[in-house]
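Have a look at upload_2.cif; it's mmCIF, C-alpha atoms and all ligand atoms:
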```
data_run
#
loop_
_atom_site.group_PDB
_atom_site.id
_atom_site.type_symbol
_atom_site.label_atom_id
_atom_site.label_comp_id
_atom_site.auth_asym_id
_atom_site.auth_seq_id
_atom_site.Cartn_x
_atom_site.Cartn_y
_atom_site.Cartn_z
ATOM 1 C CA MET A 9 -2.545 -14.277 -34.319
ATOM 2 C CA ASN A 10 -0.285 -14.748 -31.318
ATOM 3 C CA PRO A 11 2.961 -12.739 -31.153
ATOM 4 C CA PHE A 12 5.235 -15.730 -31.745
ATOM 5 C CA GLN A 13 3.327 -16.599 -34.906
ATOM 6 C CA ARG A 14 3.712 -13.009 -36.075
ATOM 7 C CA ILE A 15 7.439 -13.134 -35.341
ATOM 8 C CA LYS A 16 7.792 -16.398 -37.289
ATOM 9 C CA ASP A 17 5.973 -14.850 -40.228
ATOM 10 C CA GLU A 18 8.753 -12.285 -40.523
ATOM 11 C CA VAL A 19 11.713 -14.632 -39.995
ATOM 12 C CA ASP A 20 13.326 -16.911 -42.579
ATOM 13 C CA ARG A 21 11.786 -20.405 -42.261
ATOM 14 C CA LYS A 22 15.201 -22.016 -41.820
ATOM 15 C CA LEU A 23 15.614 -20.254 -38.494
ATOM 16 C CA HIS A 24 12.243 -21.116 -37.006
ATOM 17 C CA ASN A 25 13.490 -23.985 -34.854
ATOM 18 C CA LYS A 26 16.160 -21.745 -33.321
ATOM 19 C CA LEU A 27 13.788 -19.000 -32.222
ATOM 20 C CA PRO A 28 12.893 -18.539 -28.547
ATOM 21 C CA LYS A 29 9.202 -19.310 -28.037
ATOM 22 C CA LYS A 30 9.227 -17.756 -24.579
ATOM 23 C CA TRP A 31 10.677 -14.557 -23.188
ATOM 24 C CA LYS A 32 10.308 -12.344 -20.149
ATOM 25 C CA LYS A 33 8.960 -8.862 -20.605
ATOM 26 C CA ILE A 34 10.276 -6.519 -17.949
ATOM 27 C CA GLY A 35 8.983 -2.979 -18.432
ATOM 28 C CA ASP A 36 9.763 -2.152 -22.074
ATOM 29 C CA ILE A 37 12.585 -4.688 -22.399
ATOM 30 C CA ILE A 38 12.470 -8.403 -23.224
ATOM 31 C CA ILE A 39 14.934 -11.064 -22.151
ATOM 32 C CA GLY A 40 15.018 -14.279 -24.193
ATOM 33 C CA ASP A 41 17.359 -17.095 -25.088
ATOM 34 C CA PHE A 42 18.626 -16.432 -28.601
ATOM 35 C CA SER A 43 21.764 -18.518 -28.100
ATOM 36 C CA LYS A 44 20.943 -21.025 -30.849
ATOM 37 C CA LEU A 45 21.304 -18.272 -33.452
ATOM 38 C CA THR A 46 24.614 -17.111 -34.951
ATOM 39 C CA PRO A 47 25.636 -13.463 -34.283
ATOM 40 C CA ASN A 48 24.532 -12.554 -37.800
ATOM 41 C CA GLU A 49 21.152 -14.254 -37.383
ATOM 42 C CA LYS A 50 20.644 -12.524 -34.035
ATOM 43 C CA THR A 51 21.094 -9.106 -35.663
ATOM 44 C CA LYS A 52 18.316 -9.952 -38.096
ATOM 45 C CA VAL A 53 15.937 -11.615 -35.669
ATOM 46 C CA ALA A 54 16.173 -9.466 -32.510
ATOM 47 C CA PRO A 55 14.727 -6.298 -34.139
ATOM 48 C CA ILE A 56 11.697 -8.346 -35.232
ATOM 49 C CA TYR A 57 11.064 -9.378 -31.626
ATOM 50 C CA GLY A 58 11.551 -5.722 -30.634
ATOM 51 C CA LYS A 59 9.049 -4.495 -33.194
ATOM 52 C CA ILE A 60 6.340 -7.125 -32.666
ATOM 53 C CA LEU A 61 6.583 -7.148 -28.884
ATOM 54 C CA LYS A 62 6.777 -3.322 -28.846
ATOM 55 C CA VAL A 63 9.885 -3.077 -26.687
ATOM 56 C CA LYS A 64 12.864 -0.746 -26.934
ATOM 57 C CA THR A 65 15.531 -3.350 -26.080
ATOM 58 C CA VAL A 66 16.069 -7.088 -26.527
ATOM 59 C CA LEU A 67 18.554 -8.801 -24.201
ATOM 60 C CA GLN A 68 20.087 -12.266 -24.272
ATOM 61 C CA LYS A 69 19.072 -14.286 -21.192
ATOM 62 C CA ASN A 70 22.104 -14.696 -18.964
ATOM 63 C CA LYS A 71 23.212 -16.007 -15.622
ATOM 64 C CA ILE A 72 22.493 -14.157 -12.408
ATOM 65 C CA ASN A 73 25.637 -14.441 -10.360
ATOM 66 C CA GLY A 74 26.889 -14.468 -6.815
ATOM 67 C CA GLU A 75 25.415 -13.178 -3.630
ATOM 68 C CA LEU A 76 24.790 -9.724 -5.114
ATOM 69 C CA ARG A 77 22.664 -11.364 -7.834
ATOM 70 C CA LYS A 78 24.338 -9.427 -10.626
ATOM 71 C CA PRO A 79 23.618 -10.303 -14.250
ATOM 72 C CA GLU A 80 26.736 -11.554 -16.005
ATOM 73 C CA ASN A 81 27.950 -9.786 -19.222
ATOM 74 C CA THR A 82 24.709 -8.403 -20.575
ATOM 75 C CA GLU A 83 24.399 -8.982 -24.327
ATOM 76 C CA ILE A 84 22.220 -6.364 -26.024
ATOM 77 C CA LEU A 85 20.710 -7.796 -29.215
ATOM 78 C CA PHE A 86 18.516 -4.894 -30.171
ATOM 79 C CA GLY A 87 18.280 -1.280 -28.931
ATOM 80 C CA LYS A 88 20.739 0.137 -26.423
ATOM 81 C CA ASP A 89 19.001 1.185 -23.231
ATOM 82 C CA THR A 90 19.025 -1.382 -20.403
ATOM 83 C CA LYS A 91 17.187 0.873 -17.968
ATOM 84 C CA THR A 92 13.470 0.403 -17.609
ATOM 85 C CA GLU A 93 10.525 1.165 -15.379
ATOM 86 C CA ILE A 94 8.112 -1.434 -14.065
ATOM 87 C CA ILE A 95 4.718 -0.736 -12.548
ATOM 88 C CA GLU A 96 3.381 -3.386 -10.213
ATOM 89 C CA TYR A 97 0.464 -2.996 -7.784
ATOM 90 C CA GLY A 98 0.594 0.781 -8.060
ATOM 91 C CA ILE A 99 4.325 0.934 -7.364
ATOM 92 C CA LYS A 100 6.934 2.128 -9.825
ATOM 93 C CA TYR A 101 10.360 0.540 -9.899
ATOM 94 C CA LYS A 102 13.272 1.857 -11.920
ATOM 95 C CA ILE A 103 15.907 -0.727 -12.680
ATOM 96 C CA ASP A 104 18.940 -1.248 -14.899
ATOM 97 C CA LEU A 105 18.731 -4.840 -16.104
ATOM 98 C CA SER A 106 22.427 -4.894 -16.963
ATOM 99 C CA LYS A 107 23.280 -4.348 -13.302
ATOM 100 C CA ILE A 108 20.453 -5.783 -11.237
ATOM 101 C CA MET A 109 18.101 -8.750 -11.431
ATOM 102 C CA TRP A 110 14.315 -8.636 -11.505
ATOM 103 C CA SER A 111 12.420 -11.778 -10.696
ATOM 104 C CA PRO A 112 9.132 -11.875 -12.645
ATOM 105 C CA GLY A 113 8.184 -15.110 -10.845
ATOM 106 C CA ASN A 114 7.829 -13.263 -7.527
ATOM 107 C CA THR A 115 5.337 -10.785 -8.913
ATOM 108 C CA GLY A 116 2.291 -11.900 -6.943
ATOM 109 C CA TRP A 117 4.235 -11.991 -3.713
ATOM 110 C CA ARG A 118 5.428 -8.418 -4.037
ATOM 111 C CA SER A 119 1.799 -7.293 -3.739
ATOM 112 C CA ILE A 120 1.922 -7.807 0.053
ATOM 113 C CA LEU A 121 -1.333 -6.385 1.484
ATOM 114 C CA ASP A 122 -2.760 -5.598 -1.951
ATOM 115 C CA GLY A 123 -2.635 -9.233 -2.997
ATOM 116 C CA PRO A 124 -4.901 -12.253 -2.546
ATOM 117 C CA GLU A 125 -5.501 -13.575 0.964
ATOM 118 C CA ASN A 126 -2.816 -16.283 0.884
ATOM 119 C CA ILE A 127 -0.238 -13.565 0.215
ATOM 120 C CA SER A 128 -1.545 -10.739 2.383
ATOM 121 C CA ASP A 129 -1.733 -13.243 5.251
ATOM 122 C CA PHE A 130 2.044 -13.406 5.330
ATOM 123 C CA TYR A 131 2.430 -9.654 5.391
ATOM 124 C CA ASN A 132 -0.338 -8.709 7.794
ATOM 125 C CA PHE A 133 1.383 -7.443 10.950
ATOM 126 C CA ASP A 134 -0.091 -5.956 14.069
ATOM 127 C CA ASN A 135 1.068 -2.359 14.286
ATOM 128 C CA PRO A 136 4.818 -2.929 13.767
ATOM 129 C CA LYS A 137 7.112 -0.084 14.839
ATOM 130 C CA VAL A 138 10.292 -1.238 13.135
ATOM 131 C CA ILE A 139 10.534 -3.436 10.032
ATOM 132 C CA ILE A 140 13.909 -4.423 8.582
ATOM 133 C CA ASP A 141 14.321 -5.707 5.039
ATOM 134 C CA TYR A 142 17.655 -7.576 5.018
ATOM 135 C CA PHE A 143 17.945 -7.885 1.234
ATOM 136 C CA GLY A 144 16.295 -4.683 0.073
ATOM 137 C CA GLY A 145 17.518 -4.799 -3.542
ATOM 138 C CA ILE A 146 15.916 -2.016 -5.558
ATOM 139 C CA GLY A 147 12.945 -2.050 -3.189
ATOM 140 C CA TYR A 148 11.062 -5.180 -4.346
ATOM 141 C CA PHE A 149 9.467 -5.573 -0.913
ATOM 142 C CA THR A 150 10.749 -2.481 0.901
ATOM 143 C CA VAL A 151 8.534 -0.065 -1.013
ATOM 144 C CA GLN A 152 5.386 -2.114 -0.403
ATOM 145 C CA LEU A 153 6.248 -2.646 3.255
ATOM 146 C CA ALA A 154 6.807 1.077 3.776
ATOM 147 C CA LYS A 155 3.599 1.942 1.940
ATOM 148 C CA SER A 156 1.553 -0.672 3.800
ATOM 149 C CA TYR A 157 2.898 0.418 7.202
ATOM 150 C CA PRO A 158 3.289 4.202 6.988
ATOM 151 C CA LEU A 159 3.613 4.533 10.775
ATOM 152 C CA ALA A 160 6.473 2.064 10.943
ATOM 153 C CA LYS A 161 10.119 2.867 10.429
ATOM 154 C CA VAL A 162 11.463 0.608 7.689
ATOM 155 C CA ILE A 163 15.179 -0.088 7.453
ATOM 156 C CA SER A 164 16.260 -1.469 4.089
ATOM 157 C CA ILE A 165 19.704 -2.989 3.812
ATOM 158 C CA ASP A 166 21.547 -4.110 0.699
ATOM 159 C CA LYS A 167 25.171 -4.921 0.092
ATOM 160 C CA ASN A 168 25.139 -3.991 -3.594
ATOM 161 C CA PRO A 169 25.748 -0.239 -4.161
ATOM 162 C CA ASP A 170 23.981 -0.388 -7.566
ATOM 163 C CA SER A 171 20.816 -1.742 -5.957
ATOM 164 C CA VAL A 172 20.971 0.875 -3.223
ATOM 165 C CA GLU A 173 21.218 3.648 -5.801
ATOM 166 C CA TYR A 174 18.004 2.417 -7.469
ATOM 167 C CA LEU A 175 16.358 1.745 -4.119
ATOM 168 C CA LYS A 176 16.804 5.408 -3.168
ATOM 169 C CA GLN A 177 15.404 6.538 -6.532
ATOM 170 C CA ASN A 178 12.438 4.186 -6.178
ATOM 171 C CA LEU A 179 11.604 5.513 -2.737
ATOM 172 C CA GLU A 180 11.591 9.028 -4.129
ATOM 173 C CA LEU A 181 9.592 8.010 -7.184
ATOM 174 C CA ASN A 182 6.900 6.498 -4.969
ATOM 175 C CA LYS A 183 7.013 9.359 -2.445
ATOM 176 C CA ILE A 184 7.975 7.055 0.406
ATOM 177 C CA ASN A 185 9.643 8.740 3.353
ATOM 178 C CA ASN A 186 9.621 6.231 6.195
ATOM 179 C CA VAL A 187 12.627 4.219 4.975
ATOM 180 C CA GLU A 188 16.242 4.377 6.073
ATOM 181 C CA VAL A 189 18.576 2.857 3.464
ATOM 182 C CA LEU A 190 21.819 1.161 4.486
ATOM 183 C CA ASN A 191 24.451 -0.071 2.043
ATOM 184 C CA ASP A 192 26.015 -2.858 4.054
ATOM 185 C CA ASP A 193 25.988 -6.542 4.856
ATOM 186 C CA CYS A 194 22.831 -7.074 6.899
ATOM 187 C CA ARG A 195 24.879 -8.988 9.472
ATOM 188 C CA ASN A 196 26.759 -5.793 10.308
ATOM 189 C CA ILE A 197 23.568 -4.045 11.337
ATOM 190 C CA ASN A 198 22.345 -4.459 14.876
ATOM 191 C CA GLN A 199 19.006 -2.755 15.318
ATOM 192 C CA LYS A 200 15.980 -4.125 17.081
ATOM 193 C CA ALA A 201 12.896 -4.844 14.980
ATOM 194 C CA ASP A 202 9.389 -6.282 15.234
ATOM 195 C CA ILE A 203 9.575 -7.738 11.730
ATOM 196 C CA ILE A 204 12.576 -8.885 9.708
ATOM 197 C CA HIS A 205 12.073 -9.722 6.050
ATOM 198 C CA LEU A 206 14.512 -12.207 4.516
ATOM 199 C CA GLY A 207 13.689 -12.114 0.799
ATOM 200 C CA TYR A 208 16.665 -14.127 -0.341
ATOM 201 C CA ILE A 209 17.256 -17.539 -1.852
ATOM 202 C CA SER A 210 20.142 -20.000 -1.461
ATOM 203 C CA ASN A 211 21.533 -19.673 2.075
ATOM 204 C CA THR A 212 18.888 -17.724 3.949
ATOM 205 C CA LEU A 213 19.373 -19.937 6.986
ATOM 206 C CA GLU A 214 22.787 -18.364 7.536
ATOM 207 C CA PHE A 215 21.079 -15.055 8.262
ATOM 208 C CA LEU A 216 18.489 -16.397 10.653
ATOM 209 C CA GLU A 217 20.662 -16.315 13.784
ATOM 210 C CA HIS A 218 21.367 -12.639 13.223
ATOM 211 C CA ALA A 219 17.663 -11.972 12.628
ATOM 212 C CA HIS A 220 16.830 -13.851 15.826
ATOM 213 C CA SER A 221 19.158 -11.742 17.938
ATOM 214 C CA ASN A 222 17.785 -8.525 16.435
ATOM 215 C CA LEU A 223 14.098 -9.348 16.752
ATOM 216 C CA ASN A 224 12.073 -8.106 19.687
ATOM 217 C CA ASP A 225 10.240 -10.589 21.863
ATOM 218 C CA LYS A 226 7.788 -12.637 19.711
ATOM 219 C CA GLY A 227 9.111 -10.817 16.643
ATOM 220 C CA ILE A 228 8.346 -12.159 13.172
ATOM 221 C CA ALA A 229 10.772 -13.276 10.474
ATOM 222 C CA ILE A 230 9.406 -13.656 6.935
ATOM 223 C CA PHE A 231 11.674 -16.283 5.504
ATOM 224 C CA HIS A 232 12.129 -17.058 1.791
ATOM 225 C CA GLU A 233 14.229 -20.000 0.606
ATOM 226 C CA ALA A 234 14.333 -22.813 -1.950
ATOM 227 C CA TYR A 235 14.250 -26.454 -0.818
ATOM 228 C CA ASN A 236 14.162 -29.792 -2.549
ATOM 229 C CA ASN A 237 10.609 -31.075 -2.716
ATOM 230 C CA SER A 238 11.795 -34.448 -1.422
ATOM 231 C CA TRP A 239 13.350 -32.832 1.668
ATOM 232 C CA LEU A 240 10.078 -31.023 2.283
ATOM 233 C CA GLY A 241 8.338 -34.407 2.120
ATOM 234 C CA PHE A 242 6.591 -33.816 -1.187
ATOM 235 C CA LYS A 243 7.125 -36.668 -3.599
ATOM 236 C CA LYS A 244 6.077 -35.008 -6.813
ATOM 237 C CA ARG A 245 6.532 -31.486 -8.077
ATOM 238 C CA SER A 246 2.778 -31.017 -7.881
ATOM 239 C CA ASP A 247 2.485 -32.288 -4.274
ATOM 240 C CA TRP A 248 1.815 -29.748 -1.597
ATOM 241 C CA GLY A 249 0.552 -30.028 1.937
ATOM 242 C CA PRO A 250 0.828 -28.875 5.537
ATOM 243 C CA ILE A 251 3.952 -27.362 7.132
ATOM 244 C CA PRO A 252 6.709 -29.951 6.569
ATOM 245 C CA THR A 253 7.942 -31.533 9.798
ATOM 246 C CA LYS A 254 11.620 -31.310 8.823
ATOM 247 C CA PHE A 255 11.223 -27.617 8.123
ATOM 248 C CA SER A 256 9.486 -26.814 11.444
ATOM 249 C CA LYS A 257 12.119 -28.815 13.306
ATOM 250 C CA LEU A 258 14.926 -26.909 11.605
ATOM 251 C CA MET A 259 13.274 -23.607 12.421
ATOM 252 C CA GLU A 260 12.750 -24.654 16.039
ATOM 253 C CA GLU A 261 16.460 -25.456 16.314
ATOM 254 C CA ASN A 262 17.016 -21.886 15.164
ATOM 255 C CA GLY A 263 14.647 -20.431 17.765
ATOM 256 C CA PHE A 264 11.513 -19.960 15.676
ATOM 257 C CA LYS A 265 8.024 -21.413 15.553
ATOM 258 C CA THR A 266 6.695 -21.836 11.993
ATOM 259 C CA LYS A 267 3.232 -20.304 11.934
ATOM 260 C CA LYS A 268 2.570 -20.326 8.176
ATOM 261 C CA PHE A 269 4.167 -21.954 5.172
ATOM 262 C CA GLU A 270 3.463 -21.658 1.413
ATOM 263 C CA ARG A 271 5.030 -22.247 -1.975
ATOM 264 C CA VAL A 272 5.894 -19.058 -3.862
ATOM 265 C CA LYS A 273 6.754 -20.907 -7.072
ATOM 266 C CA PHE A 274 8.448 -23.946 -8.518
ATOM 267 C CA TYR A 275 12.184 -23.429 -8.578
ATOM 268 C CA GLY A 276 13.655 -25.776 -11.160
ATOM 269 C CA PRO A 277 12.454 -29.349 -11.660
ATOM 270 C CA SER A 278 12.768 -30.616 -8.089
ATOM 271 C CA LYS A 279 12.793 -27.540 -5.888
ATOM 272 C CA SER A 280 10.268 -25.075 -4.540
ATOM 273 C CA HIS A 281 10.722 -21.484 -3.504
ATOM 274 C CA ILE A 282 8.906 -21.281 -0.181
ATOM 275 C CA ILE A 283 7.871 -18.560 2.233
ATOM 276 C CA ALA A 284 7.445 -19.073 5.960
ATOM 277 C CA TYR A 285 6.039 -16.877 8.712
ATOM 278 C CA LEU A 286 8.239 -17.513 11.721
ATOM 279 C CA GLN A 287 7.748 -16.283 15.246
ATOM 280 C CA LYS A 288 10.698 -15.890 17.612
ATOM 281 C CA ILE A 289 10.395 -18.341 20.507
HETATM 282 C C1 LIG B 301 17.865 -9.687 -5.777
HETATM 283 S S1 LIG B 301 17.290 -9.713 -4.191
HETATM 284 C C2 LIG B 301 16.180 -11.040 -4.143
HETATM 285 C C3 LIG B 301 15.034 -10.953 -5.122
HETATM 286 C C4 LIG B 301 13.850 -10.129 -4.734
HETATM 287 N N1 LIG B 301 13.345 -10.481 -3.437
HETATM 288 C C5 LIG B 301 12.735 -10.169 -5.786
HETATM 289 O O1 LIG B 301 11.542 -10.185 -5.434
HETATM 290 O O2 LIG B 301 12.998 -10.135 -6.999
HETATM 291 C C6 LIG B 301 18.660 -10.168 -3.218
HETATM 292 C C7 LIG B 301 19.472 -8.965 -2.775
HETATM 293 O O3 LIG B 301 20.227 -9.313 -1.605
HETATM 294 C C8 LIG B 301 21.433 -8.571 -1.587
HETATM 295 N N2 LIG B 301 22.372 -9.227 -0.644
HETATM 296 C C9 LIG B 301 22.983 -10.425 -0.781
HETATM 297 N N3 LIG B 301 23.715 -10.725 0.324
HETATM 298 C C10 LIG B 301 23.524 -9.701 1.193
HETATM 299 C C11 LIG B 301 23.956 -9.441 2.530
HETATM 300 N N4 LIG B 301 24.753 -10.292 3.167
HETATM 301 N N5 LIG B 301 23.553 -8.300 3.130
HETATM 302 C C12 LIG B 301 22.739 -7.422 2.484
HETATM 303 N N6 LIG B 301 22.291 -7.619 1.222
HETATM 304 C C13 LIG B 301 22.665 -8.730 0.582
HETATM 305 C C14 LIG B 301 21.864 -8.568 -3.037
HETATM 306 O O4 LIG B 301 22.703 -7.480 -3.309
HETATM 307 C C15 LIG B 301 20.504 -8.459 -3.780
HETATM 308 O O5 LIG B 301 20.185 -7.124 -4.085
#
```
Could you take the file, read its structure, and then write that structure out as structure tokens?
Amino acid sequence: MNPFQRIKDEVDRKLHNKLPKKWKKIGDIIIGDFSKLTPNEKTKVAPIYGKILKVKTVLQKNKINGELRKPENTEILFGKDTKTEIIEYGIKYKIDLSKIMWSPGNTGWRSILDGPENISDFYNFDNPKVIIDYFGGIGYFTVQLAKSYPLAKVISIDKNPDSVEYLKQNLELNKINNVEVLNDDCRNINQKADIIHLGYISNTLEFLEHAHSNLNDKGIAIFHEAYNNSWLGFKKRSDWGPIPTKFSKLMEENGFKTKKFERVKFYGPSKSHIIAYLQKI
């Protein structure tokens, strides 16, 4: 029997149409949308999810806000601990889900060189000496980058002090010692690099000029962003094709040649989260 069926079996029939059929499991915590239930109903239902899904905490799905990507007013429905540990591709990440976001949809992409060819292709660099991660977070990409390129110096920058605290712990946890952590706006940091990673969504373009001026000759920017499928030239959500002309033109105006382009995931009904491998012209 699937877990949702088992949950339903333990919940009053009258509530079945209000129960979340989907949830995200992050370490030993689940996040689901229980908002159709009254507070009283939530107190009855959430422990059942906790028990059947074998997690210590159940959280209400909430908005991720602002440029620091902080979760807004975390509502704990069952349990009390919002800290968890995630293991992905041999890397351990500690995180407090009440303070910092975790994007399960990016999972494959965080594998870097350990992943399938279409992913490792984007992260295969020729002997880089300095790699800068502009939006280090808790180490989503920083830890993998540092592990994949042990001879490189990795500089990981994040504006959010909570993320930086976990980033430092995660480096220690994974015995990584080639990373310098900076708690600042990446645009305040002027250090030359061979690779700059821009793992951000919403206004990544605004950071590209700074990346350009900090990259060495022929340096590489790994650029994440979300675009409307129609702007990319894809009519339907399922369409996908070669590097979109509008995108390459935009990158050229910003001093970069687009060498590779892929969809990371669908991002809402009409958008795609994309990744591009850009070389400084
Ligand atoms: C949450 S991450 C993106 C998601 C991540 N790549 C993943 O795989 O889940 C974005 C990070 O960028 C940081 N950030 C936002 N603006 C920044 C800036 N101007 N300079 C440095 N860090 C910034 C935020 O604090 C946040 O930790």
Site check for ligand LIG 301 (chain B): residues at most 8 Å away, only C-alpha atoms and all ligand atoms, as a ChimeraX atom specification = /A:75-78,108-115,117-118,142-146,148-149,165-169,171,191-195,207-209,215
Return the single residue from A:Lys29, A:Lys137, A:Lys44, A:His232 that is closest to Lys200 in chain A, with distances computed using only C-alpha atoms.
->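 Using only C-alpha atoms, the shortest distance to Lys200 in chain A belongs to A:Lys137.
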Test item: which residues lie within 8 Å of (13.9, -24.9, 0.2) counting all atoms listed in the file, as a CSV table (one decimal) with C-alpha atoms, in the frame of the given file:
```
chain,number,residue,atom,x,y,z
A,233,GLU,CA,14.2,-20.0,0.6
A,234,ALA,CA,14.3,-22.8,-2.0
A,235,TYR,CA,14.2,-26.5,-0.8
A,236,ASN,CA,14.2,-29.8,-2.5
A,237,ASN,CA,10.6,-31.1,-2.7
A,240,LEU,CA,10.1,-31.0,2.3
A,279,LYS,CA,12.8,-27.5,-5.9
A,280,SER,CA,10.3,-25.1,-4.5
A,281,HIS,CA,10.7,-21.5,-3.5
A,282,ILE,CA,8.9,-21.3,-0.2
```
Which protein, DNA or RNA residues have an atom at most 10 Å from (-1.7, -2.5, -9.9), counting all atoms listed in the file? List them as a PyMOL selection string.
-> chain A and resi 95-100+119+122-123
Which residues would end up in the selection if the PyMOL selection byres (((chain A and resi 136) around 10) and not hetatm) were applied here, given that I need the answer as a PDB file with C-alpha atoms, in the coordinates of the input?
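Okay, this is what ended up in out_1.pdb:
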```pdb
ATOM      1  CA  ASN A 132      -0.338  -8.709   7.794  1.00  0.00           C
ATOM      2  CA  PHE A 133       1.383  -7.443  10.950  1.00  0.00           C
ATOM      3  CA  ASP A 134      -0.091  -5.956  14.069  1.00  0.00           C
ATOM      4  CA  ASN A 135       1.068  -2.359  14.286  1.00  0.00           C
ATOM      5  CA  LYS A 137       7.112  -0.084  14.839  1.00  0.00           C
ATOM      6  CA  VAL A 138      10.292  -1.238  13.135  1.00  0.00           C
ATOM      7  CA  ILE A 139      10.534  -3.436  10.032  1.00  0.00           C
ATOM      8  CA  TYR A 157       2.898   0.418   7.202  1.00  0.00           C
ATOM      9  CA  PRO A 158       3.289   4.202   6.988  1.00  0.00           C
ATOM     10  CA  LEU A 159       3.613   4.533  10.775  1.00  0.00           C
ATOM     11  CA  ALA A 160       6.473   2.064  10.943  1.00  0.00           C
ATOM     12  CA  LYS A 161      10.119   2.867  10.429  1.00  0.00           C
ATOM     13  CA  VAL A 162      11.463   0.608   7.689  1.00  0.00           C
ATOM     14  CA  ALA A 201      12.896  -4.844  14.980  1.00  0.00           C
ATOM     15  CA  ASP A 202       9.389  -6.282  15.234  1.00  0.00           C
ATOM     16  CA  ILE A 203       9.575  -7.738  11.730  1.00  0.00           C
ATOM     17  CA  GLY A 227       9.111 -10.817  16.643  1.00  0.00           C
ATOM     18  CA  ILE A 228       8.346 -12.159  13.172  1.00  0.00           C
TER      19      ILE A 228
END
```
Considering only C-alpha atoms, state which residue in the set A:Ser128, A:Asn262, A:Gln177, A:Gln13 is at the smallest distance from Glu214 in chain A.
-> A:Asn262
Decode the PyMOL selection byres (((chain A and resi 61-67) around 7) and not hetatm) for the given file into explicit residues and return them as a PyMOL selection string.
-> chain A and resi 36-40+54+57-60+68-69+83-90
Could you state the separation of CA of Lys26 in chain A and CA of Lys71 in chain A in Å, given to one decimal place?
->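 Between these atoms lies a distance of 19.9 Å.
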Residue with smallest distance to Gln152 in chain A - pool A:Gln287, A:Ser164, A:Glu180, A:Leu121, counting all atoms listed in the file = A:Leu121
Starting from the incomplete input, reconstruct N, CA and C atoms of range 51-62 of chain A and report them as a PDB file, keeping the file's coordinate frame.
```pdb
ATOM      1  N   THR A  51      21.279 -10.506 -35.226  1.00  0.00           N
ATOM      2  CA  THR A  51      21.094  -9.106 -35.663  1.00  0.00           C
ATOM      3  C   THR A  51      19.852  -8.961 -36.534  1.00  0.00           C
ATOM      4  N   LYS A  52      19.504 -10.029 -37.245  1.00  0.00           N
ATOM      5  CA  LYS A  52      18.316  -9.952 -38.096  1.00  0.00           C
ATOM      6  C   LYS A  52      17.037 -10.201 -37.286  1.00  0.00           C
ATOM      7  N   VAL A  53      17.133 -11.153 -36.368  1.00  0.00           N
ATOM      8  CA  VAL A  53      15.937 -11.615 -35.669  1.00  0.00           C
ATOM      9  C   VAL A  53      15.511 -10.700 -34.505  1.00  0.00           C
ATOM     10  N   ALA A  54      16.511 -10.234 -33.724  1.00  0.00           N
ATOM     11  CA  ALA A  54      16.173  -9.466 -32.510  1.00  0.00           C
ATOM     12  C   ALA A  54      15.302  -8.227 -32.800  1.00  0.00           C
ATOM     13  N   PRO A  55      15.592  -7.462 -33.880  1.00  0.00           N
ATOM     14  CA  PRO A  55      14.727  -6.298 -34.139  1.00  0.00           C
ATOM     15  C   PRO A  55      13.274  -6.688 -34.426  1.00  0.00           C
ATOM     16  N   ILE A  56      13.074  -7.895 -34.955  1.00  0.00           N
ATOM     17  CA  ILE A  56      11.697  -8.346 -35.232  1.00  0.00           C
ATOM     18  C   ILE A  56      10.955  -8.578 -33.901  1.00  0.00           C
ATOM     19  N   TYR A  57      11.655  -9.202 -32.961  1.00  0.00           N
ATOM     20  CA  TYR A  57      11.064  -9.378 -31.626  1.00  0.00           C
ATOM     21  C   TYR A  57      10.754  -7.996 -31.026  1.00  0.00           C
ATOM     22  N   GLY A  58      11.725  -7.078 -31.176  1.00  0.00           N
ATOM     23  CA  GLY A  58      11.551  -5.722 -30.634  1.00  0.00           C
ATOM     24  C   GLY A  58      10.308  -5.054 -31.197  1.00  0.00           C
ATOM     25  N   LYS A  59      10.160  -5.174 -32.525  1.00  0.00           N
ATOM     26  CA  LYS A  59       9.049  -4.495 -33.194  1.00  0.00           C
ATOM     27  C   LYS A  59       7.700  -5.133 -32.806  1.00  0.00           C
ATOM     28  N   ILE A  60       7.629  -6.465 -32.905  1.00  0.00           N
ATOM     29  CA  ILE A  60       6.340  -7.125 -32.666  1.00  0.00           C
ATOM     30  C   ILE A  60       5.936  -7.074 -31.191  1.00  0.00           C
ATOM     31  N   LEU A  61       6.926  -7.176 -30.316  1.00  0.00           N
ATOM     32  CA  LEU A  61       6.583  -7.148 -28.884  1.00  0.00           C
ATOM     33  C   LEU A  61       6.565  -5.724 -28.325  1.00  0.00           C
ATOM     34  N   LYS A  62       6.823  -4.753 -29.208  1.00  0.00           N
ATOM     35  CA  LYS A  62       6.777  -3.322 -28.846  1.00  0.00           C
ATOM     36  C   LYS A  62       7.663  -2.996 -27.646  1.00  0.00           C
TER      37      LYS A  62
END
```
